[in-house]
Each structure stands twice: as structure tokens, then as C-alpha cells.
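With mmCIF, C-alpha atoms inside, this is protein.cif:
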```cif
data_upload
#
loop_
_atom_site.label_atom_id
_atom_site.label_comp_id
_atom_site.auth_asym_id
_atom_site.auth_seq_id
_atom_site.Cartn_x
_atom_site.Cartn_y
_atom_site.Cartn_z
CA MET A 1 13.29 16.63 -55.65
CA THR A 2 16.70 18.15 -56.04
CA GLY A 3 19.28 17.33 -58.68
CA ARG A 4 18.79 15.18 -61.74
CA LEU A 5 15.94 12.73 -62.12
CA ARG A 6 17.21 9.19 -61.38
CA VAL A 7 15.62 6.61 -63.68
CA ALA A 8 16.06 2.85 -63.72
CA VAL A 9 15.13 1.07 -66.95
CA VAL A 10 14.63 -2.65 -66.43
CA GLY A 11 14.91 -4.33 -69.82
CA PRO A 12 16.67 -1.89 -72.15
CA GLY A 13 15.51 -3.46 -75.43
CA GLY A 14 13.67 -1.59 -78.16
CA ILE A 15 11.26 0.40 -75.99
CA GLY A 16 13.38 0.54 -72.83
CA GLY A 17 16.54 1.41 -74.74
CA LEU A 18 14.83 4.26 -76.57
CA LEU A 19 13.35 5.65 -73.35
CA ALA A 20 16.71 5.31 -71.56
CA ALA A 21 18.53 7.15 -74.35
CA VAL A 22 16.00 9.96 -74.66
CA LEU A 23 15.85 10.48 -70.89
CA ALA A 24 19.67 10.45 -70.60
CA ARG A 25 19.97 12.92 -73.47
CA GLY A 26 17.49 15.12 -71.62
CA GLY A 27 19.66 15.14 -68.49
CA ALA A 28 18.28 12.29 -66.38
CA GLU A 29 20.65 9.97 -64.55
CA VAL A 30 19.78 6.62 -66.16
CA THR A 31 20.67 3.13 -65.02
CA CYS A 32 19.78 0.22 -67.29
CA VAL A 33 19.24 -3.10 -65.51
CA ALA A 34 19.89 -5.99 -67.88
CA ARG A 35 21.46 -9.41 -68.29
CA GLN A 36 25.25 -9.50 -67.99
CA HIS A 37 26.03 -9.47 -71.71
CA THR A 38 23.68 -6.54 -72.37
CA ALA A 39 24.83 -4.59 -69.31
CA THR A 40 28.47 -5.00 -70.33
CA TRP A 41 27.71 -3.81 -73.87
CA ILE A 42 25.71 -0.77 -72.75
CA ALA A 43 28.35 0.20 -70.16
CA ALA A 44 31.04 0.12 -72.84
CA GLU A 45 29.16 1.53 -75.84
CA GLY A 46 26.26 3.56 -74.47
CA ILE A 47 22.93 3.49 -76.27
CA THR A 48 22.68 4.57 -79.89
CA VAL A 49 19.46 5.86 -81.40
CA ARG A 50 18.90 6.28 -85.11
CA SER A 51 15.63 8.10 -85.69
CA ALA A 52 14.20 10.27 -88.44
CA THR A 53 12.21 12.10 -85.76
CA LEU A 54 14.71 12.33 -82.88
CA GLY A 55 17.93 12.31 -84.87
CA ASN A 56 20.93 10.03 -84.51
CA PHE A 57 22.78 10.09 -81.21
CA THR A 58 24.66 7.96 -78.69
CA VAL A 59 24.45 8.58 -74.96
CA PRO A 60 26.35 7.00 -72.08
CA VAL A 61 24.28 5.42 -69.31
CA THR A 62 25.08 3.31 -66.30
CA ALA A 63 24.35 -0.38 -66.73
CA ALA A 64 24.14 -3.15 -64.16
CA THR A 65 22.72 -6.63 -63.64
CA ARG A 66 21.04 -5.55 -60.39
CA LEU A 67 19.61 -2.20 -59.36
CA PRO A 68 22.50 -0.54 -57.46
CA SER A 69 20.66 2.32 -55.72
CA PRO A 70 17.14 3.73 -55.36
CA PRO A 71 15.83 5.58 -58.41
CA ASP A 72 13.06 8.17 -58.50
CA VAL A 73 11.31 6.25 -61.28
CA CYS A 74 11.63 2.63 -62.41
CA LEU A 75 10.47 1.77 -65.93
CA VAL A 76 9.82 -1.95 -66.39
CA THR A 77 10.09 -2.60 -70.12
CA VAL A 78 10.70 -6.33 -70.41
CA LYS A 79 8.63 -8.72 -72.47
CA SER A 80 6.10 -10.45 -70.24
CA PRO A 81 7.90 -13.85 -70.15
CA GLY A 82 10.98 -12.10 -68.69
CA LEU A 83 9.12 -10.30 -65.91
CA GLU A 84 9.90 -12.72 -63.09
CA ALA A 85 13.65 -12.76 -63.81
CA ALA A 86 13.70 -8.98 -64.19
CA MET A 87 11.99 -8.48 -60.84
CA ALA A 88 14.65 -10.64 -59.19
CA ALA A 89 17.19 -7.99 -60.23
CA ILE A 90 15.34 -5.32 -58.25
CA ALA A 91 15.45 -5.81 -54.49
CA PRO A 92 12.46 -4.08 -52.85
CA ALA A 93 14.79 -2.37 -50.37
CA THR A 94 16.87 -0.97 -53.24
CA LEU A 95 13.76 0.15 -55.12
CA GLY A 96 12.74 2.29 -52.16
CA ASP A 97 9.88 4.69 -52.82
CA ALA A 98 10.39 4.82 -56.59
CA ALA A 99 7.39 5.18 -58.85
CA VAL A 100 7.22 1.94 -60.85
CA ILE A 101 5.84 2.27 -64.38
CA PRO A 102 5.19 -1.04 -66.14
CA LEU A 103 5.47 -0.86 -69.92
CA LEU A 104 5.39 -4.60 -70.53
CA ASN A 105 4.97 -5.92 -74.01
CA GLY A 106 3.95 -9.34 -75.15
CA VAL A 107 0.67 -11.11 -75.80
CA GLU A 108 -0.02 -12.27 -72.24
CA HIS A 109 1.20 -11.13 -68.86
CA LEU A 110 2.25 -13.56 -66.20
CA ASP A 111 0.10 -14.18 -63.16
CA THR A 112 2.28 -13.11 -60.26
CA PRO A 113 1.36 -14.39 -56.81
CA PRO A 114 0.64 -11.71 -54.18
#
```
Same coordinates, now as C-alpha cells:
Amino acid sequence: MTGRLRVAVVGPGGIGGLLAAVLARGGAEVTCVARQHTATWIAAEGITVRSATLGNFTVPVTAATRLPSPPDVCLVTVKSPGLEAAMAAIAPATLGDAAVIPLLNGVEHLDTPP
């Protein structure tokens, strides 16, 4: 791989937002895929972290309602009830050969048909 690591974070809430911010601060090219309101906010304000361990910082990241280009890695960090809607925002052709890392939270995970 040449250049910066390209990471898509689908569901930039508590876990996804933290991972997106830390990766962006470390030099990765991060795109957050979220609902319109959240994507607009993140595009305008960036992601702010306030942490006793990591410090306080704000980083700019790209934000969109659909995955715009293939990443190297795709972190799926939505709550389990939002998985189906989140997957609709990621066209398989746009995902390409990305490594997909599910970090779902919630009590139960949805049964997804093959």
C-alpha cells in the first residue's frame, strides 16, 4: 500500500467517532458514513475528543451519507438495529476489496439473509 491508509467508519457514534478521530489524528484518510444530519455536522465541525488518556483534540474528517470511494479498511460501528440501513449506504462495488471490521454493539445482532 502506498500513501495514507484510507478508512471508512460507518456509524460515527461513540465508538466509531473515537476510532475515526484517533485514526485521523494519526494520519489516516478517514471518511465517516452517517445519516445526513450527522454527516453535515461532522463535515462542518470535525470530530472532537475529550479524553483524560488521549487528550482533548478536534480533527477534520470527510463525511458523507454514502461511501464515495473504496477504502482500505471499513469499520462498521453501528448499533445492531441500524445495520441494515448502514449497509445500504455502502455499495459493494464502492467497497471494493476493503477489509471490513464489524464492531457492532447492541444486545442482539440482526439475522441477515445470505
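Shortest atom-to-atom contact with Val9 of chain A among A:Thr58, A:Ala91, A:Arg66, A:Thr31: A:Thr31, counting only C-alpha atoms.
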Can you work out the spacing between atom CA of Leu75 of chain A and atom CA of Ile15 of chain A in Å, to one decimal?
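Taking atom CA of Leu75 of chain A as the start and atom CA of Ile15 of chain A as the end point, the length is 10.2 Å.
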Result set, the PyMOL selection byres ((chain A and resi 90) around 10) on current file, as JSON, numbers by chain:
{"A": [8, 10, 33, 65, 66, 67, 68, 69, 70, 74, 85, 86, 87, 88, 89, 91, 92, 93, 94, 95]}
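Among the candidate residues A:Pro60, A:Pro12, A:Gly17, A:Gly82, the one lying nearest to Glu29 of chain A is A:Pro60, with distances computed using all atoms listed in the file.
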Taking only C-alpha atoms into account, name the residue in A:Val49, A:Ala43, A:Ile101, A:Leu83 that is nearest to Val61 of chain A.
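So, comparing all the options, the nearest one is A:Ala43.
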Determine, counting only C-alpha atoms, which protein, DNA and RNA residues have an atom within 12 Å of an atom of Gly46 of chain A; residues of the same chain fewer than 6 positions away are not included. Present the result as a PyMOL selection string.
chain A and resi 12+17-18+20-21+24-25+30-32+38-40+57-63
Go ahead and write the residues just picked, C-alpha atoms, as a short mmCIF file (atom, residue, chain, number, x, y, z; two decimals), in the coordinates of the input.
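Saved the output as selection20.cif:
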```cif
data_model
loop_
_atom_site.label_atom_id
_atom_site.label_comp_id
_atom_site.auth_asym_id
_atom_site.auth_seq_id
_atom_site.Cartn_x
_atom_site.Cartn_y
_atom_site.Cartn_z
CA PRO A 12 16.67 -1.89 -72.15
CA GLY A 17 16.54 1.41 -74.74
CA LEU A 18 14.83 4.26 -76.57
CA ALA A 20 16.71 5.31 -71.56
CA ALA A 21 18.53 7.15 -74.35
CA ALA A 24 19.67 10.45 -70.60
CA ARG A 25 19.97 12.92 -73.47
CA VAL A 30 19.78 6.62 -66.16
CA THR A 31 20.67 3.13 -65.02
CA CYS A 32 19.78 0.22 -67.29
CA THR A 38 23.68 -6.54 -72.37
CA ALA A 39 24.83 -4.59 -69.31
CA THR A 40 28.47 -5.00 -70.33
CA PHE A 57 22.78 10.09 -81.21
CA THR A 58 24.66 7.96 -78.69
CA VAL A 59 24.45 8.58 -74.96
CA PRO A 60 26.35 7.00 -72.08
CA VAL A 61 24.28 5.42 -69.31
CA THR A 62 25.08 3.31 -66.30
CA ALA A 63 24.35 -0.38 -66.73
#
```
With distances taken over only C-alpha atoms, which of A:Ala64, A:Leu54, A:Val22, A:Ala28 is nearest to Trp41 of chain A?
A:Ala64
Report, in Å to a single decimal, how far apart atom CA of Leu19 of chain A and atom CA of Ala52 of chain A are.
15.8 Å
Given the file above and the PyMOL selection byres ((chain A and resi 72) around 9), which residues are selected, and can you give them as a ChimeraX atom specification?
/A:1,5-8,70-71,73-74,95-100
